[in-house]
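The structure file protein12.txt is reproduced below (compact mmCIF, C-alpha atoms).
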# COMPACT_ATOMS: atom_id res chain seq x y z
CA MET A 1 -19.04 -63.71 59.71
CA VAL A 2 -21.07 -61.68 57.22
CA ALA A 3 -18.01 -59.63 56.26
CA TRP A 4 -15.98 -62.84 55.90
CA ASP A 5 -18.56 -64.37 53.54
CA ALA A 6 -18.70 -61.21 51.44
CA GLY A 7 -14.89 -61.12 51.30
CA MET A 8 -14.71 -64.73 50.11
CA VAL A 9 -17.32 -63.99 47.44
CA ALA A 10 -15.23 -61.02 46.28
CA VAL A 11 -12.04 -63.11 46.10
CA ILE A 12 -13.72 -65.92 44.15
CA ALA A 13 -15.42 -63.43 41.81
CA ALA A 14 -12.12 -61.64 41.15
CA PHE A 15 -10.43 -64.94 40.28
CA VAL A 16 -13.22 -66.21 38.02
CA LEU A 17 -13.88 -62.91 36.23
CA SER A 18 -10.18 -62.17 35.67
CA ARG A 19 -9.63 -65.65 34.25
CA ALA A 20 -12.69 -65.27 32.03
CA LEU A 21 -11.36 -61.95 30.68
CA LEU A 22 -7.97 -63.53 30.07
CA ILE A 23 -9.60 -66.27 27.99
CA VAL A 24 -11.86 -63.87 26.07
CA PHE A 25 -9.03 -61.49 25.10
CA ASN A 26 -6.68 -64.37 24.23
CA LEU A 27 -9.15 -66.92 22.88
CA HIS A 28 -6.98 -68.07 19.98
CA SER A 29 -3.94 -68.62 22.21
CA PHE A 30 -6.12 -70.30 24.84
CA LEU A 31 -7.48 -72.81 22.32
CA MET A 32 -3.93 -73.69 21.29
CA TYR A 33 -2.18 -73.59 24.68
CA PRO A 34 -4.84 -73.60 27.44
CA LEU A 35 -2.53 -74.50 30.33
CA LEU A 36 0.08 -71.94 29.31
CA VAL A 37 -2.49 -69.13 29.06
CA MET A 38 -4.10 -70.07 32.39
CA ALA A 39 -0.68 -69.83 34.07
CA VAL A 40 -0.41 -66.13 33.15
CA PRO A 41 -1.29 -63.61 35.94
CA SER A 42 -4.72 -62.22 35.09
CA LEU A 43 -5.81 -59.70 37.75
CA THR A 44 -6.35 -56.48 35.79
CA GLY A 45 -8.11 -53.17 36.30
CA THR A 46 -11.04 -54.36 34.21
CA GLY A 47 -11.31 -57.52 36.30
CA VAL A 48 -11.31 -55.48 39.50
CA ALA A 49 -14.04 -53.21 38.12
CA LEU A 50 -16.24 -56.16 37.16
CA THR A 51 -15.65 -57.70 40.58
CA ALA A 52 -16.81 -54.47 42.22
CA VAL A 53 -20.01 -54.52 40.15
CA PHE A 54 -20.62 -58.17 41.03
CA LEU A 55 -20.02 -57.49 44.73
CA ALA A 56 -22.46 -54.56 44.69
CA VAL A 57 -25.14 -56.80 43.20
CA TYR A 58 -24.37 -59.53 45.76
CA LEU A 59 -24.63 -57.13 48.71
CA ARG A 60 -27.93 -55.76 47.45
CA TRP A 61 -29.27 -59.28 46.89
CA LYS A 62 -28.30 -60.30 50.45
CA ARG A 63 -29.57 -56.96 51.83
CA LEU A 64 -26.30 -56.37 53.62
CA PRO A 65 -25.10 -52.96 54.89
CA ALA A 66 -22.91 -52.17 51.91
CA LEU A 67 -21.11 -49.12 53.29
CA ARG A 68 -20.22 -50.76 56.60
CA LEU A 69 -18.84 -53.81 54.81
CA LEU A 70 -16.93 -51.69 52.32
CA ASP A 71 -15.48 -49.68 55.23
CA ALA A 72 -14.18 -52.92 56.76
CA MET A 73 -12.84 -54.19 53.43
CA ALA A 74 -11.10 -50.99 52.31
CA PRO A 75 -7.92 -51.30 54.45
CA CYS A 76 -7.77 -55.03 53.63
CA GLY A 77 -8.00 -54.24 49.92
CA ALA A 78 -5.14 -51.74 50.22
CA LEU A 79 -3.06 -54.32 52.12
CA LEU A 80 -3.75 -56.91 49.41
CA TRP A 81 -2.69 -54.38 46.78
CA ALA A 82 0.55 -53.80 48.71
CA PHE A 83 1.34 -57.53 48.91
CA LEU A 84 0.60 -58.02 45.20
CA SER A 85 2.96 -55.14 44.43
CA LEU A 86 5.59 -56.64 46.74
CA GLY A 87 5.30 -59.89 44.81
CA ARG A 88 5.91 -58.08 41.55
CA VAL A 89 8.92 -56.27 43.06
CA LEU A 90 10.42 -59.57 44.20
CA ASP A 91 9.57 -61.15 40.85
CA GLY A 92 11.55 -58.46 39.10
CA THR A 93 8.70 -57.38 36.82
CA MET A 94 9.60 -54.12 35.06
CA ASP A 95 6.61 -52.38 33.51
CA GLY A 96 7.97 -48.86 33.98
CA MET A 97 8.42 -46.21 31.32
CA PRO A 98 11.97 -45.19 30.29
CA THR A 99 13.52 -42.63 32.61
CA SER A 100 16.76 -40.88 33.48
CA VAL A 101 16.09 -40.42 37.22
CA ALA A 102 18.78 -41.64 39.62
CA TRP A 103 16.55 -44.31 41.17
CA GLY A 104 15.61 -45.85 37.83
CA ILE A 105 16.26 -49.59 37.38
CA ALA A 106 17.97 -51.31 34.48
CA ALA A 107 15.63 -52.05 31.58
CA PRO A 108 15.54 -55.72 30.61
CA GLY A 109 17.49 -56.46 27.43
CA ILE A 110 18.55 -52.84 26.78
CA ALA A 111 22.07 -51.95 27.84
CA GLY A 112 22.33 -48.65 29.73
CA ALA A 113 18.59 -47.94 29.64
CA LYS A 114 16.59 -47.34 32.81
CA VAL A 115 12.87 -47.54 33.60
CA HIS A 116 10.73 -46.29 36.47
CA PRO A 117 10.42 -48.84 39.33
CA VAL A 118 6.65 -48.53 39.05
CA GLU A 119 6.05 -51.73 41.04
CA PHE A 120 7.92 -50.19 43.98
CA TYR A 121 5.97 -46.93 43.59
CA THR A 122 2.77 -48.94 43.78
CA LEU A 123 3.96 -50.79 46.87
CA LEU A 124 4.65 -47.54 48.71
CA VAL A 125 1.32 -46.04 47.68
CA ALA A 126 -0.68 -49.12 48.67
CA ALA A 127 1.05 -49.48 52.06
CA SER A 128 0.52 -45.79 52.83
CA LEU A 129 -3.12 -46.01 51.77
CA CYS A 130 -3.64 -49.00 54.09
CA LEU A 131 -2.34 -47.01 57.07
CA VAL A 132 -4.52 -44.00 56.21
CA LEU A 133 -7.65 -46.12 55.86
CA LEU A 134 -6.95 -47.93 59.14
CA GLY A 135 -6.88 -44.54 60.84
CA VAL A 136 -10.20 -43.55 59.27
CA VAL A 137 -12.01 -46.82 59.99
CA MET A 138 -11.05 -46.67 63.69
CA GLN A 139 -12.91 -43.40 64.13
CA ARG A 140 -16.50 -43.62 65.30
CA GLY A 141 -19.45 -42.22 63.39
CA THR A 142 -17.71 -42.36 60.02
CA VAL A 143 -19.87 -44.87 58.13
CA GLY A 144 -18.96 -44.69 54.45
CA ALA A 145 -15.92 -42.47 54.99
CA THR A 146 -13.36 -45.28 54.78
CA ALA A 147 -14.92 -46.72 51.63
CA GLY A 148 -15.27 -43.29 50.04
CA TRP A 149 -11.72 -42.18 50.78
CA GLY A 150 -10.39 -45.60 49.81
CA LEU A 151 -12.01 -45.48 46.39
CA LEU A 152 -11.13 -41.85 45.78
CA LEU A 153 -7.48 -42.04 46.84
CA SER A 154 -6.79 -45.41 45.20
CA GLY A 155 -8.48 -44.15 42.01
CA VAL A 156 -6.20 -41.12 41.95
CA ALA A 157 -3.21 -43.38 42.61
CA VAL A 158 -4.15 -45.79 39.81
CA PHE A 159 -4.62 -42.91 37.37
CA LEU A 160 -1.30 -41.21 38.21
CA LEU A 161 0.79 -44.38 38.52
CA ASP A 162 -0.29 -45.39 35.03
CA PHE A 163 1.72 -42.47 33.61
CA PHE A 164 4.87 -44.27 34.82
CA ARG A 165 3.79 -47.65 33.37
CA VAL A 166 4.14 -48.90 29.80
CA PRO A 167 0.76 -48.36 28.03
CA SER A 168 -1.40 -51.35 27.22
CA VAL A 169 -0.74 -52.41 23.62
CA LEU A 170 -4.24 -53.92 23.37
CA PHE A 171 -5.82 -50.47 23.60
CA GLU A 172 -3.12 -48.30 22.00
CA ARG A 173 -5.65 -46.16 20.08
CA SER A 174 -7.46 -45.06 23.23
CA TRP A 175 -6.71 -41.61 24.64
CA MET A 176 -6.44 -43.17 28.10
CA ASP A 177 -5.15 -46.54 29.26
CA PRO A 178 -7.82 -48.99 30.52
CA ALA A 179 -6.46 -48.74 34.07
CA GLN A 180 -6.95 -44.97 33.97
CA PHE A 181 -10.61 -45.37 33.00
CA VAL A 182 -11.00 -47.63 36.04
CA GLY A 183 -9.21 -45.05 38.20
CA VAL A 184 -11.54 -42.27 37.06
CA GLY A 185 -14.54 -44.47 37.83
CA MET A 186 -13.21 -45.15 41.34
CA VAL A 187 -12.72 -41.43 41.95
CA VAL A 188 -16.29 -40.69 40.83
CA VAL A 189 -17.83 -43.41 43.00
CA GLY A 190 -15.70 -42.50 46.01
CA GLY A 191 -16.53 -38.83 45.59
CA LEU A 192 -20.26 -39.57 45.44
CA ILE A 193 -20.07 -41.64 48.63
CA LEU A 194 -18.22 -38.87 50.47
CA ALA A 195 -20.55 -36.17 49.11
CA ARG A 196 -23.60 -38.15 50.27
CA ARG A 197 -22.09 -38.68 53.70
CA PHE A 198 -21.15 -35.01 54.14
CA ALA A 199 -24.63 -33.96 52.99
CA GLN A 200 -26.23 -36.24 55.58
CA GLY A 201 -23.94 -34.88 58.28
CA TYR A 202 -24.84 -31.31 57.32
CA GLU A 203 -28.56 -32.14 57.48
CA ARG A 204 -28.17 -33.65 60.96
CA GLU A 205 -26.28 -30.58 62.17
CA SER A 206 -28.94 -28.28 60.72
CA MET A 207 -31.73 -30.24 62.37
CA GLY A 208 -29.87 -30.18 65.70
CA ALA A 209 -29.38 -26.43 65.45
CA GLY A 210 -33.08 -26.01 64.65
CA HIS A 211 -34.13 -28.00 67.71
CA ALA A 212 -31.74 -26.00 69.88
CA VAL A 213 -33.32 -22.73 68.74

Just dump the structure as structure tokens.
Amino acid sequence: MVAWDAGMVAVIAAFVLSRALLIVFNLHSFLMYPLLVMAVPSLTGTGVALTAVFLAVYLRWKRLPALRLLDAMAPCGALLWAFLSLGRVLDGTMDGMPTSVAWGIAAPGIAGAKVHPVEFYTLLVAASLCLVLLGVVMQRGTVGATAGWGLLLSGVAVFLLDFFRVPSVLFERSWMDPAQFVGVGMVVVGGLILARRFAQGYERESMGAGHAV
């Protein structure tokens, strides 16, 4: 029940924060065509990052076991990512960079041009990540491992997949795309969680060896 409540808070926060960012970055258009702007999909890397910060504050406020909850949520988050990517594949969205590979798909409005099927790449990555995280979370004595690996691997995936996606025109002067900044942050946080867990495991093994001697 606790995990369910935290999950609902995360979903609501993601919706509200993403919509708020959409309005802030498109304030002029929103004032002119509010319903049209609100109909645009708004879940972005920045919105996900802000949702993560909000969820961390919520868990600390409720004094909930953050790592255990994040372990339970990690495979679900990967599955949600896979379904969102499937929706974009079925929708026919084509955000990929131009390519000459055999599996490239026809670019919209440009005869003979092909782009990377980045939405399909993302679907495969997210589905694979979900299976990996399910395997980790089913193992006993691995508190924090699922969350750590989930953040680290998905961060790497976000960073690398962005090379196949058309850059964000809103931040064209930046040396990295906004999604890549989010990916780097996820890798750092995931790495810190795993490093802390491995350090604790090493300390327990050392103490056990000391008692045995």

Exercise. Quote the spacing between atom CA of A:Gly185 and atom CA of A:Gly155 in Å to one decimal place.
Key: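 If I compute the distance from atom CA of A:Gly185 to atom CA of A:Gly155, I get 7.4 Å.
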
**Prompt:** Skipping near chain neighbours, those fewer than 6 positions away, what residues fall within 12 Å of A:Pro34 using only C-alpha atoms, listed as a ChimeraX atom specification?
**Reply:** /A:19,22-23,26-28,40

Of A:Val48, A:Met32, A:Leu64, A:Ser42, the one sitting nearest A:Asp5 when using only C-alpha atoms is A:Leu64

Requested in this report: Could you jot down the atom CA of A:Ala126 to atom CA of A:Ala82 separation for me, Å, one decimal place?
Outcome: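 The value is 4.8 Å.
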
In terms of only C-alpha atoms, the residue from A:Leu67, A:Leu134, A:Val16, A:Met38 at minimal distance from A:Leu50 is A:Val16

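Comparing A:Leu90, A:Leu161, A:Ala78, A:Val189 by their smallest distance to A:Ser128, the closest is A:Ala78 (using all atoms listed in the file).
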
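In this structure, atom CA of A:Val188 sits 27.0 Å away from atom CA of A:Met97.
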
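For the choices A:Ala199, A:Leu21, A:Ala147, A:Ala14, the atom-to-atom distance to A:Arg68 is smallest for A:Ala147 when using all atoms listed in the file.
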
Counting only C-alpha atoms, closest pick from A:Val115, A:Leu131, A:Val101, A:Ala195 relative to A:Phe164 is A:Val115

The residue from A:Phe83, A:Val184, A:Ile12, A:Gly96 with the smallest atom-to-atom distance to A:Leu55, counting all atoms listed in the file, is A:Ile12
